[in-house]
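Raw contents of query.csv, CSV, C-alpha atoms:
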```
chain,number,residue,atom,x,y,z
A,1,MET,CA,77.3,75.7,144.5
A,2,SER,CA,73.6,76.7,144.4
A,3,HIS,CA,72.6,73.6,142.4
A,4,LEU,CA,68.9,74.5,142.3
A,5,ASN,CA,69.7,77.7,140.5
A,6,SER,CA,72.1,76.1,137.9
A,7,LYS,CA,71.6,77.4,134.4
A,8,THR,CA,72.6,74.2,132.7
A,9,ALA,CA,70.8,71.3,134.5
A,10,ILE,CA,70.6,68.0,132.6
A,11,ALA,CA,68.1,65.7,134.3
A,12,LEU,CA,66.7,62.3,133.7
A,13,ALA,CA,63.1,62.8,132.7
A,14,MET,CA,60.2,61.2,134.5
A,15,THR,CA,56.5,61.7,133.8
A,16,LEU,CA,54.7,61.9,137.1
A,17,VAL,CA,51.6,63.7,138.2
A,18,MET,CA,52.6,66.0,141.1
A,19,SER,CA,50.4,66.5,144.1
A,20,LEU,CA,50.6,69.6,146.2
A,21,PRO,CA,51.9,70.0,148.8
A,22,VAL,CA,54.7,67.5,148.5
A,23,HIS,CA,56.2,66.5,151.8
A,24,ALA,CA,59.8,65.7,152.6
A,25,VAL,CA,60.6,62.0,152.4
A,26,ASP,CA,62.0,61.9,156.0
A,27,ASP,CA,58.9,63.7,157.4
A,28,LEU,CA,56.1,61.8,155.6
A,29,THR,CA,54.1,59.4,157.7
A,30,VAL,CA,51.1,57.3,156.7
A,31,ASP,CA,48.5,55.1,158.4
A,32,GLY,CA,50.2,52.0,159.8
A,33,TYR,CA,49.6,48.5,158.5
A,34,VAL,CA,47.7,45.6,160.1
A,35,LYS,CA,50.2,42.7,160.0
A,36,SER,CA,50.0,39.0,160.4
A,37,SER,CA,52.0,37.0,162.9
A,38,SER,CA,54.6,36.5,160.2
A,39,GLY,CA,55.0,40.3,159.7
A,40,GLN,CA,53.2,40.4,156.3
A,41,ALA,CA,50.7,43.2,155.6
A,42,VAL,CA,47.1,41.9,155.9
A,43,LYS,CA,44.9,42.6,152.9
A,44,SER,CA,41.2,43.0,152.5
A,45,GLY,CA,39.1,40.9,150.1
A,46,SER,CA,39.6,43.6,147.4
A,47,GLY,CA,43.4,43.2,147.7
A,48,ASP,CA,44.0,46.5,149.6
A,49,CYS,CA,46.3,46.7,152.6
A,50,VAL,CA,44.3,47.0,155.8
A,51,ARG,CA,45.4,50.1,157.7
A,52,THR,CA,45.4,51.0,161.4
A,53,ARG,CA,44.2,54.5,160.6
A,54,TYR,CA,47.0,55.9,162.8
A,55,LEU,CA,49.6,58.2,161.1
A,56,ASP,CA,52.5,56.5,162.7
A,57,SER,CA,54.3,54.6,159.9
A,58,GLN,CA,57.1,55.5,157.5
A,59,GLU,CA,56.9,52.1,155.8
A,60,PHE,CA,56.0,52.4,152.1
A,61,LEU,CA,55.4,48.8,151.1
A,62,GLU,CA,55.3,48.1,147.3
A,63,GLU,CA,52.7,45.5,147.9
A,64,CYS,CA,50.5,48.3,149.2
A,65,GLY,CA,51.0,50.5,146.2
A,66,TYR,CA,53.9,52.6,147.2
A,67,LYS,CA,57.1,53.0,145.2
A,68,ARG,CA,60.4,54.6,146.2
A,69,VAL,CA,61.8,56.2,143.1
A,70,VAL,CA,65.4,57.4,143.0
A,71,LYS,CA,66.8,59.4,140.1
A,72,GLU,CA,70.1,61.2,139.5
A,73,GLU,CA,70.8,64.3,137.6
A,74,VAL,CA,74.2,66.0,136.7
A,75,GLN,CA,74.1,69.7,137.0
A,76,VAL,CA,76.8,71.9,135.5
A,77,GLU,CA,77.4,75.6,136.2
A,78,ASN,CA,80.1,77.6,134.4
A,79,GLN,CA,81.9,80.3,136.3
A,80,PRO,CA,84.7,82.7,135.3
A,81,ILE,CA,87.3,80.6,137.3
A,82,GLY,CA,86.0,77.2,136.3
A,83,THR,CA,83.1,74.8,136.3
A,84,GLU,CA,81.2,73.3,139.1
A,85,VAL,CA,79.7,69.8,138.6
A,86,ALA,CA,77.2,68.2,141.0
A,87,VAL,CA,75.5,64.9,141.0
A,88,VAL,CA,72.1,65.4,142.6
A,89,GLN,CA,70.0,62.5,143.8
A,90,GLU,CA,66.3,62.9,144.2
A,91,THR,CA,64.3,60.3,146.2
A,92,MET,CA,60.5,60.3,145.8
A,93,ILE,CA,57.7,58.3,147.3
A,94,VAL,CA,55.1,57.6,144.6
A,95,LYS,CA,51.6,56.1,144.8
A,96,ASP,CA,49.2,55.8,141.9
A,97,ASP,CA,51.5,58.0,139.8
A,98,VAL,CA,51.3,60.8,142.4
A,99,VAL,CA,54.4,62.0,144.2
A,100,LEU,CA,53.7,62.1,147.9
A,101,ALA,CA,57.1,63.1,149.1
A,102,ALA,CA,60.5,64.1,147.7
A,103,LYS,CA,64.0,64.8,148.9
A,104,GLU,CA,66.9,66.2,146.9
A,105,GLU,CA,70.6,65.9,148.0
A,106,ILE,CA,74.0,66.3,146.4
A,107,VAL,CA,75.8,62.9,146.4
A,108,ALA,CA,78.9,64.1,144.6
A,109,GLU,CA,80.4,67.4,143.6
A,110,GLN,CA,83.5,68.4,141.7
A,111,PHE,CA,85.1,71.6,140.5
A,112,ILE,CA,86.9,71.6,137.1
A,113,GLN,CA,89.2,74.4,136.2
A,114,ASN,CA,88.9,75.9,132.8
A,115,LEU,CA,91.9,75.3,130.5
A,116,ARG,CA,93.3,78.4,128.9
A,117,PHE,CA,95.3,78.8,125.7
A,118,GLY,CA,97.8,81.3,124.3
A,119,PHE,CA,96.7,83.7,121.5
A,120,ASP,CA,95.9,82.0,118.2
A,121,SER,CA,96.9,78.6,119.6
A,122,ALA,CA,95.3,75.2,120.0
A,123,ASP,CA,98.5,73.5,121.0
A,124,LEU,CA,98.8,71.8,124.4
A,125,THR,CA,102.0,72.7,126.3
A,126,SER,CA,103.5,70.5,129.0
A,127,ALA,CA,101.9,72.8,131.6
A,128,ASP,CA,98.5,72.3,129.8
A,129,LYS,CA,98.9,68.5,129.9
A,130,ARG,CA,99.7,68.6,133.6
A,131,GLU,CA,96.5,70.6,134.2
A,132,LEU,CA,94.5,68.1,132.2
A,133,ASP,CA,96.0,65.3,134.3
A,134,ALA,CA,94.8,67.2,137.4
A,135,VAL,CA,91.3,67.5,135.8
A,136,ASN,CA,91.5,63.8,135.1
A,137,GLU,CA,91.9,63.2,138.9
A,138,GLN,CA,89.0,65.6,139.6
A,139,ILE,CA,86.6,63.6,137.4
A,140,GLU,CA,87.4,60.3,139.0
A,141,ALA,CA,84.1,60.2,140.8
A,142,PHE,CA,82.3,60.4,137.4
A,143,ARG,CA,84.5,57.9,135.5
A,144,PRO,CA,82.1,54.9,136.2
A,145,LEU,CA,79.3,56.9,134.5
A,146,LEU,CA,81.5,57.5,131.5
A,147,ARG,CA,82.7,53.9,131.2
A,148,GLN,CA,79.1,52.6,131.5
A,149,ASN,CA,78.1,55.0,128.8
A,150,VAL,CA,75.4,56.6,130.9
A,151,ALA,CA,77.1,59.9,130.9
A,152,HIS,CA,79.2,61.8,128.3
A,153,MET,CA,81.8,64.6,128.5
A,154,ASN,CA,81.3,67.8,126.6
A,155,VAL,CA,84.5,69.5,125.6
A,156,ILE,CA,83.7,73.0,124.6
A,157,GLY,CA,86.2,75.5,123.1
A,158,HIS,CA,86.1,79.3,123.3
A,159,THR,CA,88.2,82.2,122.0
A,160,ASP,CA,88.6,85.9,122.6
A,161,SER,CA,87.2,88.4,120.2
A,162,ARG,CA,90.3,89.2,118.2
A,163,GLY,CA,90.3,88.0,114.6
A,164,ALA,CA,87.5,87.1,112.2
A,165,GLU,CA,84.4,85.5,113.7
A,166,ALA,CA,84.6,82.5,111.3
A,167,TYR,CA,88.3,81.9,112.1
A,168,ASN,CA,87.6,82.0,115.8
A,169,GLN,CA,84.9,79.4,115.5
A,170,LYS,CA,87.3,77.0,113.9
A,171,LEU,CA,90.0,77.9,116.4
A,172,SER,CA,87.6,77.1,119.3
A,173,GLU,CA,86.8,73.7,117.7
A,174,ARG,CA,90.5,72.9,117.3
A,175,ARG,CA,91.1,73.8,121.0
A,176,ALA,CA,88.3,71.5,122.1
A,177,GLN,CA,89.5,68.7,119.9
A,178,ALA,CA,93.1,69.0,121.2
A,179,VAL,CA,91.8,68.5,124.8
A,180,ALA,CA,89.5,65.6,123.7
A,181,ASP,CA,92.3,63.9,121.9
A,182,TYR,CA,94.5,64.1,124.9
A,183,PHE,CA,92.0,62.5,127.2
A,184,ALA,CA,91.3,59.8,124.7
A,185,SER,CA,95.0,59.1,123.9
A,186,GLU,CA,95.9,58.7,127.5
A,187,GLY,CA,93.0,56.2,128.0
A,188,GLN,CA,91.5,58.5,130.6
A,189,VAL,CA,88.1,58.8,129.0
A,190,PRO,CA,86.5,56.5,126.3
A,191,ARG,CA,86.5,58.4,123.0
A,192,GLU,CA,82.9,57.4,122.3
A,193,THR,CA,81.8,59.4,125.4
A,194,LEU,CA,83.5,62.7,124.2
A,195,ARG,CA,81.4,65.3,122.5
A,196,VAL,CA,83.5,68.1,121.0
A,197,SER,CA,82.2,71.5,120.0
A,198,GLY,CA,83.3,75.2,119.7
A,199,MET,CA,81.5,78.4,120.7
A,200,GLY,CA,84.0,80.7,119.0
A,201,GLU,CA,83.9,84.2,120.6
A,202,ALA,CA,80.2,84.0,121.4
A,203,GLU,CA,80.3,83.4,125.1
A,204,PRO,CA,83.0,85.6,126.8
A,205,ILE,CA,83.3,85.3,130.5
A,206,ALA,CA,85.5,88.4,130.8
A,207,ASP,CA,86.1,91.8,129.1
A,208,ASN,CA,87.7,91.4,125.7
A,209,GLY,CA,89.0,94.9,126.0
A,210,SER,CA,91.9,93.9,128.3
A,211,GLU,CA,94.6,91.3,128.0
A,212,THR,CA,93.6,89.7,131.3
A,213,GLY,CA,90.0,89.4,130.1
A,214,ARG,CA,91.0,88.0,126.7
A,215,ASN,CA,93.2,85.4,128.4
A,216,GLN,CA,90.2,84.2,130.4
A,217,ASN,CA,88.1,84.0,127.3
A,218,ARG,CA,90.6,81.7,125.5
A,219,ARG,CA,89.6,78.5,127.3
A,220,VAL,CA,88.1,75.0,127.1
A,221,VAL,CA,85.3,74.1,129.4
A,222,ILE,CA,84.7,70.5,130.4
A,223,GLU,CA,81.2,69.3,131.4
A,224,ILE,CA,80.1,65.8,132.5
A,225,VAL,CA,76.5,65.2,131.7
A,226,LYS,CA,74.4,62.2,132.5
A,227,HIS,CA,72.1,61.1,129.7
```

Encoding of this model in C-alpha cells:
Amino acid sequence: MSHLNSKTAIALAMTLVMSLPVHAVDDLTVDGYVKSSSGQAVKSGSGDCVRTRYLDSQEFLEECGYKRVVKEEVQVENQPIGTEVAVVQETMIVKDDVVLAAKEEIVAEQFIQNLRFGFDSADLTSADKRELDAVNEQIEAFRPLLRQNVAHMNVIGHTDSRGAEAYNQKLSERRAQAVADYFASEGQVPRETLRVSGMGEAEPIADNGSETGRNQNRRVVIEIVKH
C-alpha cells in the first residue's frame, strides 16, 4: 500500500513549526556534549549545555532542549477488492518547537475484505458471518486501540444503483447496521466504538451496468480510525 498517497488519512494533529530541510532521524547528528565524570551533560552559567562543537553525536538530551516525539496515524484506503489499513508511526526530533528530523514507518498493516450483499438484502447469511469472523481475526492488531477507546470502527454501507435513491440510502444504512450489530453481539468490538453510516449508491467501485459490477457495489466497508 502506498500509504503516503492514501486518500483517507486520519492523523493525530500536532502544531509544530517545520524547518527545512528536515533530516532523517537516523541520519541527524549534532554537536557532542561535554560531560562530567558522572556522565551528566555540563551546563554553562546560563543553563545551556556545553557542546564540543563536533558533529559526532546522535544523543538528543531533553535536559538540553531536545524532545523525541512519536505519533501514530491510521490510514485507510478503499480499493475495489477490499480495504487496506496501515498504522503509520512518525518519529520526530524537536527543539524549540522546530522539527529537526523526522522518520515515518509502517508499524502494522491489515487488509480487510469488503462484505457484499444480495440484491435488496441487508440480511447476513451463514457465509456472511463466517467472513465477518475472518475480518474479526484481521483486525486483532487494532483491538487494543478499540478497547482503549483511542480508535473507532467505521461501518459504511453501499448499494448498487437499481431502485430509488432514497430507498438505497436506507438500504445501505441497514446493511451497515447489520454488520455493526454482529460485531457488537459477538463481543468482538465494543458497541460504543462503532460508527454506522450509509452512502447509498453514491460511491460505486464498479460499473452498475453489469451484474458483476452491481455485485461489487453492494458492500459494506470497514475502517479502523485512530482519534

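Each of A:Arg191, A:Arg174, A:Lys35, A:Arg218 was checked against A:Arg147 using all atoms listed in the file; the smallest atom-to-atom distance is that of A:Arg191.
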
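Closest approach to A:Asn168 among A:Val196, A:Ala122, A:Leu61, A:Leu145: A:Ala122, based on only C-alpha atoms.
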
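Minimum atom-to-atom distance to A:Met199, evaluated using all atoms listed in the file, belongs to A:Ile156 out of A:Leu55, A:Val225, A:Ile156, A:Ala178.
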
Select all residues near (84.0, 68.1, 131.9) (cut-off 7 Å, inclusive, file coordinates), counting all atoms listed in the file, and output them as a PyMOL selection string. chain A and resi 112+153-155+221-224

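Between atom CA of A:Ser161 and atom CA of A:Val85 the separation is 27.2 Å.
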
Tell me which of A:Ile205, A:Phe142, A:Glu90, A:Asn215 sits closest to A:Glu105, counting all atoms listed in the file. A:Glu90
